[in-house]
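Asker: The file below is my_file.cif, mmCIF, C-alpha atoms and all ligand atoms:
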```cif
data_data
#
loop_
_atom_site.label_atom_id
_atom_site.label_comp_id
_atom_site.auth_asym_id
_atom_site.auth_seq_id
_atom_site.Cartn_x
_atom_site.Cartn_y
_atom_site.Cartn_z
CA MET A 1 -8.14 35.13 -47.41
CA LYS A 2 -9.17 31.57 -46.55
CA PRO A 3 -6.97 28.92 -48.21
CA LEU A 4 -8.71 27.14 -51.08
CA ILE A 5 -8.48 23.34 -51.02
CA LEU A 6 -9.19 21.41 -54.22
CA VAL A 7 -10.66 17.99 -53.38
CA VAL A 8 -10.21 15.43 -56.18
CA GLU A 9 -12.10 12.33 -55.04
CA ASP A 10 -14.78 10.25 -56.75
CA ASP A 11 -16.09 8.58 -53.56
CA PRO A 12 -19.13 10.61 -52.36
CA GLN A 13 -18.83 9.21 -48.82
CA ILE A 14 -15.31 10.54 -48.44
CA ARG A 15 -16.29 13.90 -49.91
CA ARG A 16 -19.17 14.07 -47.41
CA PHE A 17 -16.73 13.24 -44.61
CA LEU A 18 -14.27 15.94 -45.73
CA ARG A 19 -16.77 18.82 -46.09
CA PRO A 20 -17.47 19.61 -42.40
CA ALA A 21 -13.82 19.00 -41.48
CA LEU A 22 -12.47 21.47 -44.04
CA ALA A 23 -15.22 23.98 -43.29
CA ALA A 24 -14.60 23.81 -39.52
CA GLU A 25 -10.92 24.53 -40.15
CA GLY A 26 -11.91 27.68 -42.07
CA TYR A 27 -10.92 26.47 -45.54
CA GLN A 28 -12.78 27.11 -48.75
CA PHE A 29 -12.98 24.05 -50.95
CA HIS A 30 -14.00 22.91 -54.38
CA GLU A 31 -14.77 19.30 -55.30
CA CYS A 32 -13.85 17.39 -58.48
CA GLU A 33 -14.85 13.79 -59.20
CA SER A 34 -12.45 13.01 -62.04
CA ALA A 35 -8.78 13.36 -62.90
CA GLU A 36 -9.65 15.43 -65.94
CA ASP A 37 -11.64 17.96 -63.90
CA GLY A 38 -9.00 17.97 -61.15
CA ILE A 39 -6.27 19.01 -63.59
CA ALA A 40 -8.54 21.62 -65.20
CA GLN A 41 -9.61 23.15 -61.86
CA ALA A 42 -6.03 23.18 -60.55
CA ASN A 43 -5.18 25.41 -63.50
CA ALA A 44 -8.35 27.49 -63.43
CA ARG A 45 -8.81 28.08 -59.68
CA ARG A 46 -5.19 28.22 -58.48
CA PRO A 47 -5.97 26.44 -55.19
CA ASP A 48 -3.61 26.56 -52.20
CA LEU A 49 -3.57 22.78 -51.85
CA MET A 50 -4.90 19.67 -53.56
CA LEU A 51 -6.29 16.62 -51.75
CA LEU A 52 -6.00 13.84 -54.30
CA ASP A 53 -7.44 10.33 -54.42
CA LEU A 54 -5.31 8.00 -56.55
CA GLY A 55 -8.16 5.73 -57.70
CA LEU A 56 -10.17 7.96 -60.03
CA PRO A 57 -12.66 6.76 -62.65
CA ASP A 58 -11.12 8.28 -65.76
CA ARG A 59 -7.37 8.30 -65.15
CA ASP A 60 -4.82 7.27 -62.55
CA GLY A 61 -4.32 9.90 -59.83
CA LEU A 62 -0.57 9.58 -60.45
CA GLU A 63 -1.19 11.11 -63.86
CA VAL A 64 -2.78 14.12 -62.14
CA ILE A 65 0.39 14.65 -60.09
CA ARG A 66 2.58 14.35 -63.18
CA GLN A 67 0.52 16.90 -65.12
CA VAL A 68 0.13 19.40 -62.28
CA ARG A 69 3.87 19.25 -61.48
CA GLU A 70 4.75 20.22 -65.04
CA THR A 71 3.56 23.74 -64.30
CA SER A 72 2.96 24.13 -60.57
CA GLN A 73 4.39 23.55 -57.10
CA LEU A 74 0.86 23.41 -55.64
CA PRO A 75 1.06 21.26 -52.47
CA ILE A 76 -0.54 17.85 -53.11
CA VAL A 77 -1.62 15.55 -50.29
CA VAL A 78 -2.57 12.09 -51.55
CA LEU A 79 -5.41 10.04 -50.06
CA SER A 80 -4.18 6.49 -50.56
CA ALA A 81 -5.78 3.13 -49.92
CA ARG A 82 -4.23 1.28 -47.02
CA GLY A 83 -1.26 -0.91 -47.84
CA GLN A 84 -0.64 0.55 -51.30
CA GLU A 85 3.04 1.23 -50.56
CA LYS A 86 3.94 1.22 -54.25
CA ASP A 87 1.40 3.94 -54.99
CA LYS A 88 2.54 6.08 -52.07
CA ILE A 89 6.15 5.86 -53.21
CA ALA A 90 5.27 6.61 -56.84
CA ALA A 91 3.15 9.59 -55.73
CA LEU A 92 5.94 11.03 -53.59
CA ASP A 93 8.53 10.38 -56.31
CA LEU A 94 6.35 12.30 -58.77
CA GLY A 95 6.29 15.26 -56.42
CA ALA A 96 3.31 14.80 -54.09
CA ASP A 97 4.01 16.45 -50.75
CA ASP A 98 2.51 13.91 -48.39
CA TYR A 99 -0.05 11.14 -48.10
CA VAL A 100 -2.74 10.05 -45.69
CA ALA A 101 -3.71 6.38 -45.71
CA LYS A 102 -7.42 5.51 -45.82
CA PRO A 103 -9.23 5.13 -43.53
CA PHE A 104 -7.92 8.30 -41.92
CA GLY A 105 -9.06 10.41 -39.01
CA VAL A 106 -10.01 14.05 -39.40
CA GLY A 107 -7.31 15.12 -36.95
CA GLU A 108 -4.50 13.45 -38.88
CA LEU A 109 -5.73 14.71 -42.23
CA LEU A 110 -6.00 18.32 -41.04
CA ALA A 111 -2.55 18.15 -39.43
CA ARG A 112 -1.06 17.02 -42.75
CA VAL A 113 -2.93 19.77 -44.62
CA ARG A 114 -1.76 22.45 -42.18
CA ALA A 115 1.84 21.22 -42.38
CA ALA A 116 1.81 21.20 -46.19
CA LEU A 117 0.31 24.72 -46.31
CA ARG A 118 2.87 25.94 -43.79
CA ARG A 119 5.77 24.52 -45.82
CA SER A 120 4.52 26.05 -49.03
CA SER A 121 4.22 29.52 -47.51
CA ALA A 122 7.40 29.32 -45.44
CA THR A 123 10.20 31.65 -46.30
CA ALA A 124 13.87 30.79 -45.84
CA PRO A 125 14.82 30.58 -42.16
CA GLU A 126 16.46 33.66 -40.63
CA GLY A 127 20.23 33.38 -40.68
CA SER A 128 21.89 30.04 -41.12
CA ILE A 129 20.95 28.23 -37.92
CA VAL A 130 18.35 25.46 -38.08
CA ARG A 131 17.03 24.06 -34.80
CA PHE A 132 14.88 21.09 -33.90
CA GLY A 133 14.60 19.70 -30.38
CA GLU A 134 18.07 19.88 -28.82
CA VAL A 135 19.77 19.85 -32.22
CA GLU A 136 21.23 23.02 -33.70
CA THR A 137 22.82 23.11 -37.15
CA ASP A 138 24.94 26.00 -38.39
CA LEU A 139 24.63 25.70 -42.16
CA GLU A 140 27.41 28.16 -42.95
CA ARG A 141 30.02 26.56 -40.70
CA ARG A 142 28.61 23.01 -41.13
CA VAL A 143 28.63 22.52 -37.38
CA VAL A 144 26.03 20.40 -35.60
CA LYS A 145 25.46 20.68 -31.86
CA VAL A 146 23.27 18.67 -29.51
CA SER A 147 22.39 20.46 -26.26
CA GLY A 148 25.20 22.92 -27.02
CA GLU A 149 27.86 20.21 -27.51
CA GLU A 150 29.43 19.85 -30.93
CA VAL A 151 28.78 16.45 -32.57
CA HIS A 152 30.94 15.10 -35.36
CA LEU A 153 29.02 13.95 -38.44
CA THR A 154 30.64 12.24 -41.44
CA PRO A 155 30.14 14.03 -44.78
CA ASN A 156 27.36 11.62 -45.83
CA GLU A 157 25.61 11.82 -42.47
CA TYR A 158 25.63 15.61 -42.81
CA LYS A 159 24.32 15.45 -46.39
CA LEU A 160 21.50 13.15 -45.31
CA LEU A 161 20.55 15.43 -42.42
CA LEU A 162 20.62 18.42 -44.77
CA ALA A 163 18.39 16.64 -47.31
CA LEU A 164 15.82 15.97 -44.57
CA MET A 165 16.07 19.51 -43.14
CA LYS A 166 15.30 21.02 -46.56
CA HIS A 167 11.80 19.49 -46.37
CA PRO A 168 10.77 19.50 -42.71
CA GLY A 169 7.68 17.43 -41.99
CA LYS A 170 7.58 15.98 -45.48
CA VAL A 171 8.03 12.30 -46.30
CA LEU A 172 11.04 11.78 -48.56
CA THR A 173 11.20 8.46 -50.38
CA GLN A 174 14.23 6.22 -50.10
CA ARG A 175 15.08 6.91 -53.74
CA GLN A 176 14.86 10.68 -53.28
CA LEU A 177 17.27 10.52 -50.34
CA LEU A 178 19.64 8.04 -52.02
CA ASN A 179 19.74 10.25 -55.09
CA GLU A 180 20.45 13.36 -53.05
CA VAL A 181 23.22 11.84 -50.90
CA TRP A 182 24.79 9.05 -52.98
CA GLY A 183 23.70 9.96 -56.49
CA PRO A 184 21.61 8.33 -59.23
CA ASN A 185 23.70 5.14 -59.39
CA HIS A 186 22.70 4.07 -55.89
CA LEU A 187 18.91 4.36 -55.97
CA ASP A 188 18.36 0.78 -54.82
CA GLU A 189 20.77 0.76 -51.89
CA ALA A 190 18.10 1.13 -49.20
CA GLN A 191 20.48 -0.47 -46.68
CA TYR A 192 22.73 2.63 -46.86
CA LEU A 193 19.82 4.64 -45.53
CA ARG A 194 19.04 2.21 -42.73
CA VAL A 195 22.67 2.36 -41.58
CA TYR A 196 23.02 6.14 -41.86
CA ILE A 197 19.65 6.95 -40.30
CA ALA A 198 20.58 4.67 -37.38
CA GLN A 199 23.90 6.53 -37.03
CA LEU A 200 22.17 9.91 -37.10
CA ARG A 201 19.68 8.76 -34.48
CA ARG A 202 22.51 7.60 -32.22
CA LYS A 203 24.21 10.97 -32.55
CA LEU A 204 21.17 13.29 -32.46
CA GLU A 205 18.24 11.64 -30.72
CA ALA A 206 17.89 11.50 -26.91
CA ASP A 207 16.46 7.97 -27.26
CA PRO A 208 17.56 6.46 -30.61
CA ALA A 209 15.14 3.53 -30.16
CA ARG A 210 12.21 5.97 -29.90
CA PRO A 211 13.18 8.76 -32.27
CA LYS A 212 11.28 12.04 -31.88
CA HIS A 213 12.66 13.68 -35.02
CA LEU A 214 14.04 11.14 -37.52
CA HIS A 215 10.91 9.15 -38.31
CA THR A 216 10.71 6.03 -40.49
CA GLU A 217 7.69 5.83 -42.80
CA PRO A 218 7.55 2.04 -43.22
CA GLY A 219 8.04 0.86 -46.78
CA VAL A 220 8.20 4.44 -48.06
CA GLY A 221 11.00 6.56 -46.66
CA TYR A 222 11.82 9.02 -43.88
CA ARG A 223 10.48 12.23 -42.41
CA LEU A 224 12.15 14.85 -40.22
CA VAL A 225 9.77 16.15 -37.58
CA MET A 226 11.04 19.50 -36.30
CA GLU A 227 8.59 20.29 -33.50
CA CA A 301 -11.55 6.44 -55.63
#
```
Once you've parsed the file, please lay out its structure as structure tokens.
Ligand code: CA

Answerer:
Amino acid sequence: MKPLILVVEDDPQIRRFLRPALAAEGYQFHECESAEDGIAQANARRPDLMLLDLGLPDRDGLEVIRQVRETSQLPIVVLSARGQEKDKIAALDLGADDYVAKPFGVGELLARVRAALRRSSATAPEGSIVRFGEVETDLERRVVKVSGEEVHLTPNEYKLLLALMKHPGKVLTQRQLLNEVWGPNHLDEAQYLRVYIAQLRRKLEADPARPKHLHTEPGVGYRLVME
């Protein structure tokens, strides 16, 4: 079965741009021009993924995310206008899986779609060992090794790494990570994250100044890239 992509976008030019790209990738797709129709079709058609514009004529795209998330874990990739950091963060906080900033290239968009589909169909990893690059984490023993050598992580460094590993490839907002590691009373302490991400990079990355795995998404949050 070809995955079904629900496109919720009122701009006909962008829809025209998406059609051949999605078709060439072997996806089926259905187009909606309003928030109302997007929510209705998400329920009726049970798509495998939603591509969602935030600026819709009838209602805010954020409202679509809120409504869909009440009943479904359908992967949602947001198409956001460039520079709308606030919207990106709100979308991710509401449970969107990823975003692509307009104007976007076909290659980047399809990579994000593939990654979101892969995550949603992924089953739990075999055993308790998670690997990315030279890093190997034994979740049962809470041991982290780099190139076979054990590396000591503090409890909060380990928690932060774990939070990122639970959602490989997905952008996590600063508030999501702060909540997971330090709890709901520290949601505005973005400097904690800067310090701890820097520490993790020093311990895990071959070149901490050019991280291959622990990526910063400027103004939004962080993403762990496994491959
Ligand atoms: Ca629009």

Asker: Excluding same-chain residues fewer than 2 positions from Arg119 of chain A, what lies within 9 Å of it counting all atoms listed in the file, as a ChimeraX atom specification?

Answerer: /A:75,114-117,121-123,167-170

Asker: Name all residues at most 7 Å from segment 101-104 of chain A (count only C-alpha atoms; drop same-chain ones fewer than 4 positions away) and give them as a list of chain:residue names.

Answerer: A:Leu79, A:Ser80, A:Ala81, A:Arg82, A:Glu108, A:Leu109

Asker: Suppose we keep C-alpha atoms; can you now write the selection as a PDB file, keeping the file's coordinate frame?

Answerer:
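So the final result, stored in out08.pdb, reads:
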```pdb
ATOM      1  CA  LEU A  79      -5.410  10.040 -50.060  1.00  0.00           C
ATOM      2  CA  SER A  80      -4.180   6.490 -50.560  1.00  0.00           C
ATOM      3  CA  ALA A  81      -5.780   3.130 -49.920  1.00  0.00           C
ATOM      4  CA  ARG A  82      -4.230   1.280 -47.020  1.00  0.00           C
ATOM      5  CA  GLU A 108      -4.500  13.450 -38.880  1.00  0.00           C
ATOM      6  CA  LEU A 109      -5.730  14.710 -42.230  1.00  0.00           C
TER       7      LEU A 109
END
```

Asker: Residues around (-9.0, 13.8, -61.7), cut-off 10 Å, counting all atoms listed in the file - what are they as a JSON list (two decimals) with C-alpha atoms, in the coordinates of the input?

Answerer:
```json
[["chain", "number", "residue", "atom", "x", "y", "z"],
["A", 7, "VAL", "CA", -10.66, 17.99, -53.38],
["A", 8, "VAL", "CA", -10.21, 15.43, -56.18],
["A", 9, "GLU", "CA", -12.10, 12.33, -55.04],
["A", 10, "ASP", "CA", -14.78, 10.25, -56.75],
["A", 32, "CYS", "CA", -13.85, 17.39, -58.48],
["A", 33, "GLU", "CA", -14.85, 13.79, -59.20],
["A", 34, "SER", "CA", -12.45, 13.01, -62.04],
["A", 35, "ALA", "CA", -8.78, 13.36, -62.90],
["A", 36, "GLU", "CA", -9.65, 15.43, -65.94],
["A", 37, "ASP", "CA", -11.64, 17.96, -63.90],
["A", 38, "GLY", "CA", -9.00, 17.97, -61.15],
["A", 39, "ILE", "CA", -6.27, 19.01, -63.59],
["A", 40, "ALA", "CA", -8.54, 21.62, -65.20],
["A", 41, "GLN", "CA", -9.61, 23.15, -61.86],
["A", 42, "ALA", "CA", -6.03, 23.18, -60.55],
["A", 52, "LEU", "CA", -6.00, 13.84, -54.30],
["A", 53, "ASP", "CA", -7.44, 10.33, -54.42],
["A", 54, "LEU", "CA", -5.31, 8.00, -56.55],
["A", 55, "GLY", "CA", -8.16, 5.73, -57.70],
["A", 56, "LEU", "CA", -10.17, 7.96, -60.03],
["A", 57, "PRO", "CA", -12.66, 6.76, -62.65],
["A", 58, "ASP", "CA", -11.12, 8.28, -65.76],
["A", 59, "ARG", "CA", -7.37, 8.30, -65.15],
["A", 60, "ASP", "CA", -4.82, 7.27, -62.55],
["A", 61, "GLY", "CA", -4.32, 9.90, -59.83],
["A", 62, "LEU", "CA", -0.57, 9.58, -60.45],
["A", 63, "GLU", "CA", -1.19, 11.11, -63.86],
["A", 64, "VAL", "CA", -2.78, 14.12, -62.14],
["A", 65, "ILE", "CA", 0.39, 14.65, -60.09]]
```

Asker: Calculated over all atoms listed in the file, which of the candidates A:Leu178, A:Ile5, A:Ala44, A:Val106 has the smallest distance to Pro20 of chain A?

Answerer: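 Of all the options, A:Val106 lies closest to Pro20 of chain A.
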
Asker: Please compute the atom CA of Thr137 of chain A-atom CA of Glu227 of chain A distance, one decimal, in Å.

Answerer: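 Between atom CA of Thr137 of chain A and atom CA of Glu227 of chain A the gap is 15.0 Å.
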
Asker: Which is closer to ligand CA 301 (chain A) than all the others in A:Ala209, A:Val78, A:Ala163, A:Leu22, using only C-alpha atoms and all ligand atoms?

Answerer: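 Comparing A:Ala209, A:Val78, A:Ala163, A:Leu22 against ligand CA 301 (chain A), the winner is A:Val78.
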
Asker: Identify the residues around (-8.4, 28.5, -56.2) within a radius of 9 Å, measuring from all atoms listed in the file in the coordinates stated by the file, and give them as a list in words.

Answerer: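 The requested residues, written out, are Pro3, Leu4, Ile5, Leu6, Gln28, Phe29, His30, Gln41, Ala42, Asn43, Ala44, Arg45, Arg46, Pro47, Asp48 and Leu49 of chain A.
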
Asker: Take the residues just selected and output them with C-alpha atoms as a compact mmCIF listing (two decimals), in the coordinates of the input.

Answerer:
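Done, and the output landed in part.txt:
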```txt
# COMPACT_ATOMS: atom_id res chain seq x y z
CA PRO A 3 -6.97 28.92 -48.21
CA LEU A 4 -8.71 27.14 -51.08
CA ILE A 5 -8.48 23.34 -51.02
CA LEU A 6 -9.19 21.41 -54.22
CA GLN A 28 -12.78 27.11 -48.75
CA PHE A 29 -12.98 24.05 -50.95
CA HIS A 30 -14.00 22.91 -54.38
CA GLN A 41 -9.61 23.15 -61.86
CA ALA A 42 -6.03 23.18 -60.55
CA ASN A 43 -5.18 25.41 -63.50
CA ALA A 44 -8.35 27.49 -63.43
CA ARG A 45 -8.81 28.08 -59.68
CA ARG A 46 -5.19 28.22 -58.48
CA PRO A 47 -5.97 26.44 -55.19
CA ASP A 48 -3.61 26.56 -52.20
CA LEU A 49 -3.57 22.78 -51.85
```

Asker: So which one's closest to ligand CA 301 (chain A), A:Met1, A:Ile14, A:Leu193, A:Leu74? Using only C-alpha atoms and all ligand atoms, please.

Answerer: A:Ile14

Asker: Name the closest residue to Met50 of chain A among the candidates A:Ser147, A:Gln174, A:Gln73, A:Asn179; distances are taken between atoms, counting all atoms listed in the file.

Answerer: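 Closest to Met50 of chain A, using all atoms listed in the file: A:Gln73.
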